[in-house]
Amino acid sequence: MGEIVLAAKVTHVPTMVMSERDTKLKGCRQAAIDGHAEIGRRAREAGADTFVVLDTHWLVNAAYHVNANHRFKGMFTSHEFPQFIKDLPYEYEGNAALGNLIAETAREDDVYTLSHQVDSLDLEYGTLVPMRYMNADSALKVVSVAAMCTVHSLESSRRLGLAIRKAIEKSDSKVALIASGSLSHQIWPNDIYAENNGTFTISSKFNEVVDRRVLEMWRNGENELFLDMLPDYAKYCDGEGDMHDTIMLFGALGWKDYKGRGEVITEYFPSSGTGQTNVVFSLD
C-alpha cells in the first residue's frame, strides 16, 4: 500500500536559478536552495519514490489536470520571465500509473480531473525549480498537478487533495507531496520595482505580518484556525494561485483532522514583493 511519506510547502522563486549564475545575484537564494536539498534528502530518507508537485504556475481554466507522462525531457524557458529562467534542461521519469489513479479517484469523488501523457505538455517552473534542487539526480519519479485554478472552488480543491491521498494509498508509491507556491504574492508594480529594491523586499507590511502569523500557526499546530482564515488569507494577501496548492495539501493531510505541525526549513524571506519559505509538515 502506498503512503505520503513527506509533505511540504515550498518556494519556487526564479531567483533561485539566477542565484547559481556568476552575476550580482550569485548566492542570493542559497538558503532556499539548501532548504530544497534538505527536503529532497528527507524524502529519500523516508523512502519516497515519487514527488507529486502541486504547481501554482500551471494555469488551468476547466477541470483539474495531472501531467502524468511516462517521462519528462526538455529545455525550459519561462514565458513569464524569459530573462530569469531560460534554456533550463530537465529529464525525469514520470509515474503515469499514479497520475492516472489520482484522476480516476478524483472523478469517483465527483471532482472532474484528467490525467495526461502528452510529450508536448511541458512541466512548469513551479515543478521544475523544486525538482532541480530536491531531485537533482533525477532518482525519484515526478507527477505534476495543476494548482493555478481559475474557475475552481476552494472546496473542490480540498476534495481533490483528499482524492490525491486516497489514490496514493491505493497505489504502491511512496510519495513526497509538495505544494509549490508562495505565501503572500503581491508582486511589486513594475514602475516602482527598482526604487524599492524589489528583488529583496516585501510589497506590503500587512502581508508580511500575516505571513509570519501563518508560520507561527503552522509551528504551533493551529491548523483549524489557519483553515478557517485561509479563504480570506488567499484573497487579501494575494495568495499565489489563490493558494489552491495549500488547500490541496491540507486536504491530503486530513484538513481539520490534521494535528501535525510545520517545521520551517528555510526562514521567511521576501522576493519581488512576495513572501517565501520552505516548510515541512509532520506526519506522525
# chains A, B, ... in the order shown; residues from 1 in each chain; ligands from 1
call {"tool": "closest_atom_pairs", "arguments": {"of": "stretch 100-141 of chain A", "to": "stretch 50-68 of chain A", "cutoff": "7 Å", "atoms": "only C-alpha atoms", "output": "tab-separated table"}}
result
residue	atom	partner	partner_atom	distance
A:Tyr112	CA	A:Ala63	CA	5.5
A:Thr113	CA	A:Tyr64	CA	4.5
A:Leu114	CA	A:His65	CA	5.0
A:Ser115	CA	A:Val66	CA	4.6
A:His116	CA	A:Asn67	CA	5.2
A:Gln117	CA	A:Ala68	CA	5.6
A:Glu124	CA	A:Trp58	CA	6.0
A:Tyr125	CA	A:His57	CA	6.7
A:Gly126	CA	A:Asp55	CA	5.0
A:Thr127	CA	A:Asp55	CA	5.9
A:Leu140	CA	A:Thr50	CA	5.1
A:Lys141	CA	A:Thr50	CA	4.4
call {"tool": "write_last_selection", "arguments": {"atoms": "N, CA, C and O atoms", "output": "short mmCIF file (atom, residue, chain, number, x, y, z; two decimals), in the first residue's frame"}}
result
data_model
loop_
_atom_site.label_atom_id
_atom_site.label_comp_id
_atom_site.auth_asym_id
_atom_site.auth_seq_id
_atom_site.Cartn_x
_atom_site.Cartn_y
_atom_site.Cartn_z
N TYR A 112 -13.99 16.55 -11.20
CA TYR A 112 -13.62 16.21 -12.57
C TYR A 112 -12.14 16.52 -12.82
O TYR A 112 -11.70 17.67 -12.78
N THR A 113 -11.38 15.46 -13.07
CA THR A 113 -9.92 15.54 -13.17
C THR A 113 -9.45 14.66 -14.31
O THR A 113 -9.93 13.54 -14.47
N LEU A 114 -8.49 15.17 -15.09
CA LEU A 114 -7.97 14.45 -16.23
C LEU A 114 -6.47 14.25 -16.07
O LEU A 114 -5.75 15.14 -15.61
N SER A 115 -6.00 13.07 -16.47
CA SER A 115 -4.58 12.75 -16.44
C SER A 115 -4.06 12.66 -17.86
O SER A 115 -4.73 12.11 -18.74
N HIS A 116 -2.85 13.19 -18.10
CA HIS A 116 -2.34 13.32 -19.46
C HIS A 116 -0.96 12.68 -19.62
O HIS A 116 -0.10 12.83 -18.74
N GLN A 117 -0.79 11.99 -20.73
CA GLN A 117 0.53 11.54 -21.19
C GLN A 117 0.73 12.14 -22.58
O GLN A 117 0.39 11.53 -23.59
N GLU A 124 5.89 23.05 -15.81
CA GLU A 124 6.05 24.46 -15.50
C GLU A 124 7.12 24.64 -14.41
O GLU A 124 7.51 23.68 -13.73
N TYR A 125 7.56 25.89 -14.22
CA TYR A 125 8.69 26.05 -13.30
C TYR A 125 8.30 25.92 -11.83
O TYR A 125 9.18 25.78 -10.97
N GLY A 126 7.00 25.91 -11.53
CA GLY A 126 6.59 25.56 -10.18
C GLY A 126 6.94 24.13 -9.83
O GLY A 126 7.05 23.78 -8.65
N THR A 127 7.11 23.30 -10.84
CA THR A 127 7.60 21.94 -10.66
C THR A 127 9.10 21.86 -10.89
O THR A 127 9.84 21.23 -10.13
N LEU A 140 14.07 10.16 -8.32
CA LEU A 140 12.66 9.96 -7.97
C LEU A 140 11.78 10.34 -9.15
O LEU A 140 12.10 11.24 -9.92
N LYS A 141 10.66 9.66 -9.26
CA LYS A 141 9.69 9.95 -10.31
C LYS A 141 8.97 11.26 -10.00
O LYS A 141 8.97 11.74 -8.86
#
call {"tool": "residues_around", "arguments": {"residues": "A:Val210", "least_positions_apart": "2", "cutoff": "10 Å", "atoms": "only C-alpha atoms", "output": "list of chain:residue names"}}
result
A:Leu183, A:Ser184, A:Lys205, A:Phe206, A:Asn207, A:Glu208, A:Arg212, A:Arg213, A:Val214, A:Leu215, A:Glu216, A:Tyr233, A:Tyr236, A:Cys237, A:Gly275
call {"tool": "write_last_selection", "arguments": {"atoms": "all heavy atoms", "output": "tab-separated table (two decimals), in the first residue's frame"}}
result
chain	number	residue	atom	x	y	z
A	183	LEU	N	3.70	32.30	-0.09
A	183	LEU	CA	2.70	32.71	0.90
A	183	LEU	C	1.98	33.90	0.28
A	183	LEU	O	1.27	33.73	-0.71
A	183	LEU	CB	3.39	33.02	2.22
A	183	LEU	CG	4.12	31.83	2.88
A	183	LEU	CD1	4.82	32.26	4.14
A	183	LEU	CD2	3.15	30.69	3.16
A	184	SER	N	2.15	35.12	0.81
A	184	SER	CA	1.55	36.26	0.12
A	184	SER	C	2.24	36.46	-1.22
A	184	SER	O	3.40	36.08	-1.40
A	184	SER	CB	1.67	37.53	0.97
A	184	SER	OG	3.03	37.90	1.13
A	205	LYS	N	3.55	45.47	4.17
A	205	LYS	CA	3.85	45.06	5.53
A	205	LYS	C	2.69	44.27	6.15
A	205	LYS	O	2.89	43.39	6.98
A	205	LYS	CB	4.19	46.28	6.39
A	205	LYS	CG	5.61	46.77	6.17
A	205	LYS	CD	6.62	45.70	6.57
A	205	LYS	CE	8.06	46.13	6.31
A	205	LYS	NZ	9.03	45.06	6.64
A	206	PHE	N	1.48	44.61	5.74
A	206	PHE	CA	0.33	43.82	6.20
A	206	PHE	C	0.50	42.36	5.79
A	206	PHE	O	0.31	41.44	6.59
A	206	PHE	CB	-0.96	44.39	5.60
A	206	PHE	CG	-2.18	43.55	5.88
A	206	PHE	CD1	-2.83	43.63	7.09
A	206	PHE	CD2	-2.68	42.67	4.91
A	206	PHE	CE1	-3.95	42.84	7.36
A	206	PHE	CE2	-3.79	41.89	5.17
A	206	PHE	CZ	-4.43	41.97	6.39
A	207	ASN	N	0.87	42.13	4.52
A	207	ASN	CA	1.07	40.76	4.06
A	207	ASN	C	2.17	40.07	4.85
A	207	ASN	O	2.04	38.89	5.21
A	207	ASN	CB	1.42	40.76	2.57
A	207	ASN	CG	0.23	41.01	1.68
A	207	ASN	OD1	-0.88	41.21	2.15
A	207	ASN	ND2	0.46	41.04	0.37
A	208	GLU	N	3.25	40.77	5.13
A	208	GLU	CA	4.34	40.15	5.88
A	208	GLU	C	3.90	39.76	7.28
A	208	GLU	O	4.22	38.67	7.77
A	208	GLU	CB	5.54	41.08	5.97
A	208	GLU	CG	6.70	40.48	6.74
A	208	GLU	CD	7.93	41.36	6.82
A	208	GLU	OE1	7.94	42.42	6.17
A	208	GLU	OE2	8.88	40.97	7.53
A	212	ARG	N	3.86	35.91	8.60
A	212	ARG	CA	4.61	35.47	9.79
A	212	ARG	C	3.67	34.85	10.84
A	212	ARG	O	4.05	33.90	11.53
A	212	ARG	CB	5.41	36.63	10.38
A	212	ARG	CG	6.56	37.07	9.47
A	212	ARG	CD	7.43	38.12	10.14
A	212	ARG	NE	8.50	38.58	9.27
A	212	ARG	CZ	9.66	37.94	9.09
A	212	ARG	NH1	9.89	36.80	9.74
A	212	ARG	NH2	10.59	38.44	8.28
A	213	ARG	N	2.47	35.36	10.93
A	213	ARG	CA	1.49	34.75	11.85
A	213	ARG	C	1.08	33.37	11.35
A	213	ARG	O	0.91	32.45	12.16
A	213	ARG	CB	0.27	35.67	11.98
A	213	ARG	CG	-0.85	35.08	12.84
A	213	ARG	CD	-0.43	34.90	14.30
A	213	ARG	NE	-1.52	34.34	15.09
A	213	ARG	CZ	-1.51	33.12	15.64
A	213	ARG	NH1	-0.44	32.34	15.49
A	213	ARG	NH2	-2.54	32.69	16.34
A	214	VAL	N	0.96	33.20	10.03
A	214	VAL	CA	0.64	31.88	9.48
A	214	VAL	C	1.74	30.88	9.82
A	214	VAL	O	1.46	29.74	10.22
A	214	VAL	CB	0.41	31.98	7.96
A	214	VAL	CG1	0.48	30.60	7.30
A	214	VAL	CG2	-0.93	32.64	7.66
A	215	LEU	N	2.99	31.29	9.68
A	215	LEU	CA	4.09	30.39	10.02
A	215	LEU	C	4.04	30.02	11.51
A	215	LEU	O	4.34	28.88	11.88
A	215	LEU	CB	5.43	31.04	9.67
A	215	LEU	CG	5.72	31.17	8.18
A	215	LEU	CD1	7.04	31.89	7.95
A	215	LEU	CD2	5.75	29.80	7.50
A	216	GLU	N	3.68	30.98	12.34
A	216	GLU	CA	3.52	30.70	13.77
A	216	GLU	C	2.39	29.69	13.99
A	216	GLU	O	2.52	28.77	14.82
A	216	GLU	CB	3.22	32.01	14.50
A	216	GLU	CG	3.16	31.90	16.01
A	216	GLU	CD	2.89	33.26	16.63
A	216	GLU	OE1	1.71	33.70	16.63
A	216	GLU	OE2	3.85	33.89	17.12
A	233	TYR	N	-7.20	34.83	3.78
A	233	TYR	CA	-5.74	34.96	3.58
A	233	TYR	C	-5.40	34.93	2.09
A	233	TYR	O	-4.67	35.78	1.59
A	233	TYR	CB	-5.06	33.81	4.33
A	233	TYR	CG	-3.55	33.76	4.21
A	233	TYR	CD1	-2.77	34.91	4.29
A	233	TYR	CD2	-2.91	32.53	4.09
A	233	TYR	CE1	-1.38	34.83	4.22
A	233	TYR	CE2	-1.53	32.45	4.02
A	233	TYR	CZ	-0.76	33.60	4.08
A	233	TYR	OH	0.60	33.52	4.00
A	236	TYR	N	-6.99	38.38	0.53
A	236	TYR	CA	-6.50	39.70	0.92
A	236	TYR	C	-4.97	39.80	0.90
A	236	TYR	O	-4.43	40.91	0.87
A	236	TYR	CB	-7.04	40.09	2.29
A	236	TYR	CG	-8.54	40.28	2.28
A	236	TYR	CD1	-9.38	39.41	2.95
A	236	TYR	CD2	-9.11	41.33	1.56
A	236	TYR	CE1	-10.76	39.58	2.92
A	236	TYR	CE2	-10.48	41.51	1.53
A	236	TYR	CZ	-11.31	40.63	2.19
A	236	TYR	OH	-12.67	40.80	2.15
A	237	CYS	N	-4.30	38.67	0.91
A	237	CYS	CA	-2.84	38.67	0.82
A	237	CYS	C	-2.37	38.13	-0.52
A	237	CYS	O	-1.21	37.76	-0.68
A	237	CYS	CB	-2.22	37.89	1.97
A	237	CYS	SG	-2.52	38.62	3.59
A	275	GLY	N	6.06	36.85	-0.24
A	275	GLY	CA	6.58	36.18	0.95
A	275	GLY	C	6.85	34.72	0.68
A	275	GLY	O	5.98	34.00	0.18
call {"tool": "closest_atom_pairs", "arguments": {"of": "stretch 125-224 of chain A", "to": "stretch 22-33 of chain A", "cutoff": "9 Å", "atoms": "only C-alpha atoms", "output": "tab-separated table"}}
result
residue	atom	partner	partner_atom	distance
A:Pro130	CA	A:Ile33	CA	8.6
A:Tyr133	CA	A:Ile33	CA	6.4
A:Met134	CA	A:Ile33	CA	8.6
call {"tool": "write_last_selection", "arguments": {"atoms": "C-alpha atoms", "output": "PDB file, in the first residue's frame"}}
result
ATOM      1  CA  PRO A 130      11.872  22.418  -6.775  1.00  0.00           C
ATOM      2  CA  TYR A 133      17.265  21.001  -6.141  1.00  0.00           C
ATOM      3  CA  MET A 134      15.182  18.289  -4.457  1.00  0.00           C
TER       4      MET A 134
END
call {"tool": "select_by_dssp", "arguments": {"residues": "stretch 105-143 of chain A", "states": "helix (DSSP H, G or I)", "output": "list of chain:residue names"}}
result
A:Thr105, A:Ala106, A:Arg107, A:Glu108, A:Tyr125, A:Gly126, A:Thr127, A:Leu128, A:Val129, A:Pro130, A:Met131, A:Arg132, A:Tyr133, A:Met134
call {"tool": "closest_residue", "arguments": {"among": "A:Gln83, A:Met75, A:Trp255, A:Ala163", "to": "A:Ala103", "atoms": "only C-alpha atoms"}}
result
A:Ala163
call {"tool": "residues_around", "arguments": {"residues": "A:Leu253", "least_positions_apart": "2", "cutoff": "10 Å", "atoms": "only C-alpha atoms", "output": "PyMOL selection string"}}
result
chain A and resi 4+7+161-162+164-165+177+247-251+255-260+281-283
call {"tool": "closest_residue", "arguments": {"among": "A:Ala48, A:Ala167, A:Leu123, A:Ile265", "to": "A:Ser144", "atoms": "only C-alpha atoms"}}
result
A:Leu123
call {"tool": "select_by_dssp", "arguments": {"residues": "stretch 74-270 of chain A", "states": "strand (DSSP E or B)", "output": "VMD selection string"}}
result
chain A and resid 74 to 76 88 to 94 113 to 116 141 to 149 174 to 180 202 262 to 270
call {"tool": "write_last_selection", "arguments": {"atoms": "N, CA, C and O atoms", "output": "compact mmCIF listing (two decimals), in the first residue's frame"}}
result
# COMPACT_ATOMS: atom_id res chain seq x y z
N GLY A 74 13.24 17.93 -21.62
CA GLY A 74 13.12 19.13 -22.43
C GLY A 74 14.09 20.21 -22.02
O GLY A 74 14.98 20.01 -21.20
N MET A 75 13.89 21.38 -22.62
CA MET A 75 14.66 22.58 -22.34
C MET A 75 13.65 23.68 -22.06
O MET A 75 12.88 24.04 -22.95
N PHE A 76 13.63 24.20 -20.85
CA PHE A 76 12.57 25.11 -20.43
C PHE A 76 13.03 26.56 -20.42
O PHE A 76 14.09 26.90 -19.86
N LEU A 88 16.73 25.91 -19.55
CA LEU A 88 16.92 25.07 -18.37
C LEU A 88 16.64 23.61 -18.74
O LEU A 88 15.50 23.24 -18.99
N PRO A 89 17.66 22.76 -18.79
CA PRO A 89 17.43 21.37 -19.19
C PRO A 89 16.82 20.57 -18.03
O PRO A 89 17.10 20.84 -16.86
N TYR A 90 15.98 19.61 -18.37
CA TYR A 90 15.41 18.72 -17.35
C TYR A 90 15.13 17.36 -17.95
O TYR A 90 14.86 17.21 -19.15
N GLU A 91 15.17 16.34 -17.10
CA GLU A 91 14.83 14.98 -17.51
C GLU A 91 14.47 14.19 -16.27
O GLU A 91 15.29 14.03 -15.36
N TYR A 92 13.23 13.72 -16.21
CA TYR A 92 12.75 12.94 -15.08
C TYR A 92 11.87 11.80 -15.57
O TYR A 92 11.17 11.92 -16.58
N GLU A 93 11.87 10.72 -14.83
CA GLU A 93 10.91 9.65 -15.07
C GLU A 93 9.58 10.05 -14.44
O GLU A 93 9.55 10.66 -13.36
N GLY A 94 8.49 9.76 -15.12
CA GLY A 94 7.17 10.03 -14.58
C GLY A 94 6.59 8.82 -13.86
O GLY A 94 7.21 7.75 -13.80
N THR A 113 -11.38 15.46 -13.07
CA THR A 113 -9.92 15.54 -13.17
C THR A 113 -9.45 14.66 -14.31
O THR A 113 -9.93 13.54 -14.47
N LEU A 114 -8.49 15.17 -15.09
CA LEU A 114 -7.97 14.45 -16.23
C LEU A 114 -6.47 14.25 -16.07
O LEU A 114 -5.75 15.14 -15.61
N SER A 115 -6.00 13.07 -16.47
CA SER A 115 -4.58 12.75 -16.44
C SER A 115 -4.06 12.66 -17.86
O SER A 115 -4.73 12.11 -18.74
N HIS A 116 -2.85 13.19 -18.10
CA HIS A 116 -2.34 13.32 -19.46
C HIS A 116 -0.96 12.68 -19.62
O HIS A 116 -0.10 12.83 -18.74
N LYS A 141 10.66 9.66 -9.26
CA LYS A 141 9.69 9.95 -10.31
C LYS A 141 8.97 11.26 -10.00
O LYS A 141 8.97 11.74 -8.86
N VAL A 142 8.31 11.83 -11.02
CA VAL A 142 7.65 13.12 -10.88
C VAL A 142 6.24 13.06 -11.47
O VAL A 142 6.05 12.53 -12.58
N VAL A 143 5.29 13.60 -10.74
CA VAL A 143 3.93 13.85 -11.22
C VAL A 143 3.61 15.30 -10.88
O VAL A 143 3.90 15.75 -9.77
N SER A 144 3.04 16.04 -11.82
CA SER A 144 2.70 17.44 -11.59
C SER A 144 1.19 17.63 -11.68
O SER A 144 0.54 17.13 -12.61
N VAL A 145 0.64 18.37 -10.72
CA VAL A 145 -0.79 18.65 -10.66
C VAL A 145 -1.00 20.16 -10.78
O VAL A 145 -0.36 20.94 -10.07
N ALA A 146 -1.87 20.57 -11.69
CA ALA A 146 -2.14 21.99 -11.88
C ALA A 146 -2.78 22.57 -10.62
O ALA A 146 -3.76 22.03 -10.10
N ALA A 147 -2.23 23.71 -10.15
CA ALA A 147 -2.76 24.33 -8.94
C ALA A 147 -2.96 25.83 -9.08
O ALA A 147 -3.18 26.52 -8.08
N MET A 148 -2.89 26.37 -10.31
CA MET A 148 -3.40 27.72 -10.53
C MET A 148 -4.76 27.54 -11.18
O MET A 148 -4.90 27.44 -12.40
N CYS A 149 -5.77 27.48 -10.33
CA CYS A 149 -7.10 27.03 -10.74
C CYS A 149 -8.04 28.23 -10.78
O CYS A 149 -8.43 28.76 -9.73
N LYS A 174 5.42 5.51 -2.72
CA LYS A 174 5.76 6.29 -1.53
C LYS A 174 6.01 7.72 -2.02
O LYS A 174 6.93 7.96 -2.80
N VAL A 175 5.21 8.67 -1.53
CA VAL A 175 5.13 9.99 -2.17
C VAL A 175 5.59 11.10 -1.25
O VAL A 175 5.19 11.17 -0.08
N ALA A 176 6.40 11.99 -1.81
CA ALA A 176 6.67 13.29 -1.21
C ALA A 176 5.74 14.28 -1.89
O ALA A 176 5.85 14.52 -3.10
N LEU A 177 4.81 14.84 -1.13
CA LEU A 177 3.79 15.74 -1.66
C LEU A 177 4.24 17.18 -1.44
O LEU A 177 4.43 17.61 -0.30
N ILE A 178 4.40 17.92 -2.53
CA ILE A 178 4.99 19.25 -2.48
C ILE A 178 3.99 20.29 -2.99
O ILE A 178 3.59 20.26 -4.16
N ALA A 179 3.58 21.21 -2.11
CA ALA A 179 2.78 22.36 -2.52
C ALA A 179 3.74 23.47 -2.91
O ALA A 179 4.45 24.02 -2.06
N SER A 180 3.78 23.79 -4.19
CA SER A 180 4.78 24.71 -4.73
C SER A 180 4.14 26.07 -5.00
O SER A 180 3.44 26.26 -6.00
N ILE A 202 9.46 43.15 0.59
CA ILE A 202 8.03 42.81 0.58
C ILE A 202 7.24 44.04 0.16
O ILE A 202 7.60 45.17 0.52
N GLY A 262 4.13 22.41 11.48
CA GLY A 262 5.05 22.76 10.43
C GLY A 262 6.44 23.06 10.99
O GLY A 262 6.57 23.73 12.00
N GLU A 263 7.45 22.56 10.29
CA GLU A 263 8.84 22.86 10.64
C GLU A 263 9.41 23.75 9.54
O GLU A 263 9.49 23.34 8.38
N VAL A 264 9.80 24.95 9.89
CA VAL A 264 10.36 25.87 8.91
C VAL A 264 11.79 25.43 8.58
O VAL A 264 12.67 25.43 9.45
N ILE A 265 12.00 25.06 7.33
CA ILE A 265 13.32 24.62 6.87
C ILE A 265 14.13 25.80 6.35
O ILE A 265 15.34 25.86 6.54
N THR A 266 13.47 26.74 5.68
CA THR A 266 14.10 27.98 5.21
C THR A 266 13.35 29.15 5.81
O THR A 266 12.14 29.27 5.62
N GLU A 267 14.05 29.97 6.55
CA GLU A 267 13.39 31.10 7.21
C GLU A 267 12.73 32.01 6.17
O GLU A 267 13.20 32.15 5.03
N TYR A 268 11.64 32.62 6.59
CA TYR A 268 10.84 33.51 5.74
C TYR A 268 11.72 34.55 5.07
O TYR A 268 12.59 35.17 5.70
N PHE A 269 11.48 34.77 3.77
CA PHE A 269 12.21 35.82 3.07
C PHE A 269 11.32 36.46 2.01
O PHE A 269 10.48 35.79 1.40
N PRO A 270 11.48 37.78 1.79
CA PRO A 270 10.72 38.45 0.74
C PRO A 270 11.43 38.31 -0.60
O PRO A 270 12.66 38.23 -0.67
call {"tool": "closest_residue", "arguments": {"among": "A:Ala234, A:Ala96, A:Ile39, A:Met131", "to": "A:Val17", "atoms": "only C-alpha atoms"}}
result
A:Met131
call {"tool": "closest_residue", "arguments": {"among": "A:Gly254, A:Lys166, A:Glu195, A:Glu155", "to": "A:Glu104", "atoms": "only C-alpha atoms"}}
result
A:Lys166
call {"tool": "atom_distance", "arguments": {"atom1": "atom CA of A:Phe200", "atom2": "atom CA of A:His12"}}
result
14.9 Å
call {"tool": "closest_residue", "arguments": {"among": "A:Pro82, A:Gly35, A:Gly198, A:Gly99", "to": "A:His70", "atoms": "only C-alpha atoms"}}
result
A:Gly99
call {"tool": "closest_residue", "arguments": {"among": "A:Asp238, A:Glu169, A:Met1, A:Arg159", "to": "A:Ala106", "atoms": "only C-alpha atoms"}}
result
A:Arg159
call {"tool": "atom_distance", "arguments": {"atom1": "atom CA of A:Asp232", "atom2": "atom CA of A:Leu160"}}
result
20.4 Å
call {"tool": "residues_around", "arguments": {"residues": "A:Ser173", "least_positions_apart": "4", "cutoff": "7 Å", "atoms": "only C-alpha atoms", "output": "list in words"}}
result
Gly2, Glu3, Asp49, Thr50 and Ile168 of chain A
call {"tool": "decode", "arguments": {"residues": "stretch 197-205 of chain A", "atoms": "all heavy atoms", "output": "CSV table (one decimal), in the first residue's frame"}}
result
chain,number,residue,atom,x,y,z
A,197,ASN,N,14.1,48.3,-4.3
A,197,ASN,CA,14.9,47.2,-4.2
A,197,ASN,C,14.1,45.9,-4.2
A,197,ASN,O,14.2,45.0,-3.4
A,197,ASN,CB,15.8,47.2,-2.9
A,197,ASN,CG,16.9,46.2,-2.9
A,197,ASN,OD1,17.3,45.7,-4.0
A,197,ASN,ND2,17.4,45.8,-1.7
A,198,GLY,N,13.2,45.8,-5.2
A,198,GLY,CA,12.2,44.9,-5.3
A,198,GLY,C,12.5,43.4,-5.2
A,198,GLY,O,11.8,42.6,-4.6
A,199,THR,N,13.7,43.0,-5.6
A,199,THR,CA,14.1,41.6,-5.5
A,199,THR,C,14.2,41.1,-4.1
A,199,THR,O,13.9,39.9,-3.8
A,199,THR,CB,15.5,41.4,-6.2
A,199,THR,OG1,15.5,41.9,-7.5
A,199,THR,CG2,15.9,40.0,-6.2
A,200,PHE,N,14.4,42.0,-3.1
A,200,PHE,CA,14.7,41.6,-1.8
A,200,PHE,C,13.7,42.2,-0.7
A,200,PHE,O,14.0,42.2,0.4
A,200,PHE,CB,16.1,41.9,-1.4
A,200,PHE,CG,17.1,41.2,-2.3
A,200,PHE,CD1,17.8,42.0,-3.2
A,200,PHE,CD2,17.4,39.9,-2.2
A,200,PHE,CE1,18.8,41.4,-4.0
A,200,PHE,CE2,18.3,39.2,-3.0
A,200,PHE,CZ,19.0,40.0,-3.9
A,201,THR,N,12.6,42.7,-1.2
A,201,THR,CA,11.7,43.4,-0.3
A,201,THR,C,10.3,42.9,-0.4
A,201,THR,O,9.9,42.3,-1.5
A,201,THR,CB,11.7,44.9,-0.5
A,201,THR,OG1,11.4,45.2,-1.8
A,201,THR,CG2,13.1,45.5,-0.1
A,202,ILE,N,9.5,43.2,0.6
A,202,ILE,CA,8.0,42.8,0.6
A,202,ILE,C,7.2,44.0,0.2
A,202,ILE,O,7.6,45.2,0.5
A,202,ILE,CB,7.6,42.3,2.0
A,202,ILE,CG1,6.2,41.6,1.9
A,202,ILE,CG2,7.6,43.4,3.0
A,202,ILE,CD1,6.2,40.2,1.4
A,203,SER,N,6.2,43.9,-0.6
A,203,SER,CA,5.4,45.0,-1.1
A,203,SER,C,4.4,45.5,-0.1
A,203,SER,O,3.8,46.5,-0.3
A,203,SER,CB,4.7,44.6,-2.4
A,203,SER,OG,3.8,43.5,-2.2
A,204,SER,N,4.1,44.7,0.9
A,204,SER,CA,3.0,45.0,1.8
A,204,SER,C,3.4,44.6,3.2
A,204,SER,O,3.5,43.3,3.4
A,204,SER,CB,1.7,44.4,1.4
A,204,SER,OG,0.7,44.4,2.5
A,205,LYS,N,3.5,45.5,4.2
A,205,LYS,CA,3.8,45.1,5.5
A,205,LYS,C,2.7,44.3,6.2
A,205,LYS,O,2.9,43.4,7.0
A,205,LYS,CB,4.2,46.3,6.4
A,205,LYS,CG,5.6,46.8,6.2
A,205,LYS,CD,6.6,45.7,6.6
A,205,LYS,CE,8.1,46.1,6.3
A,205,LYS,NZ,9.0,45.1,6.6
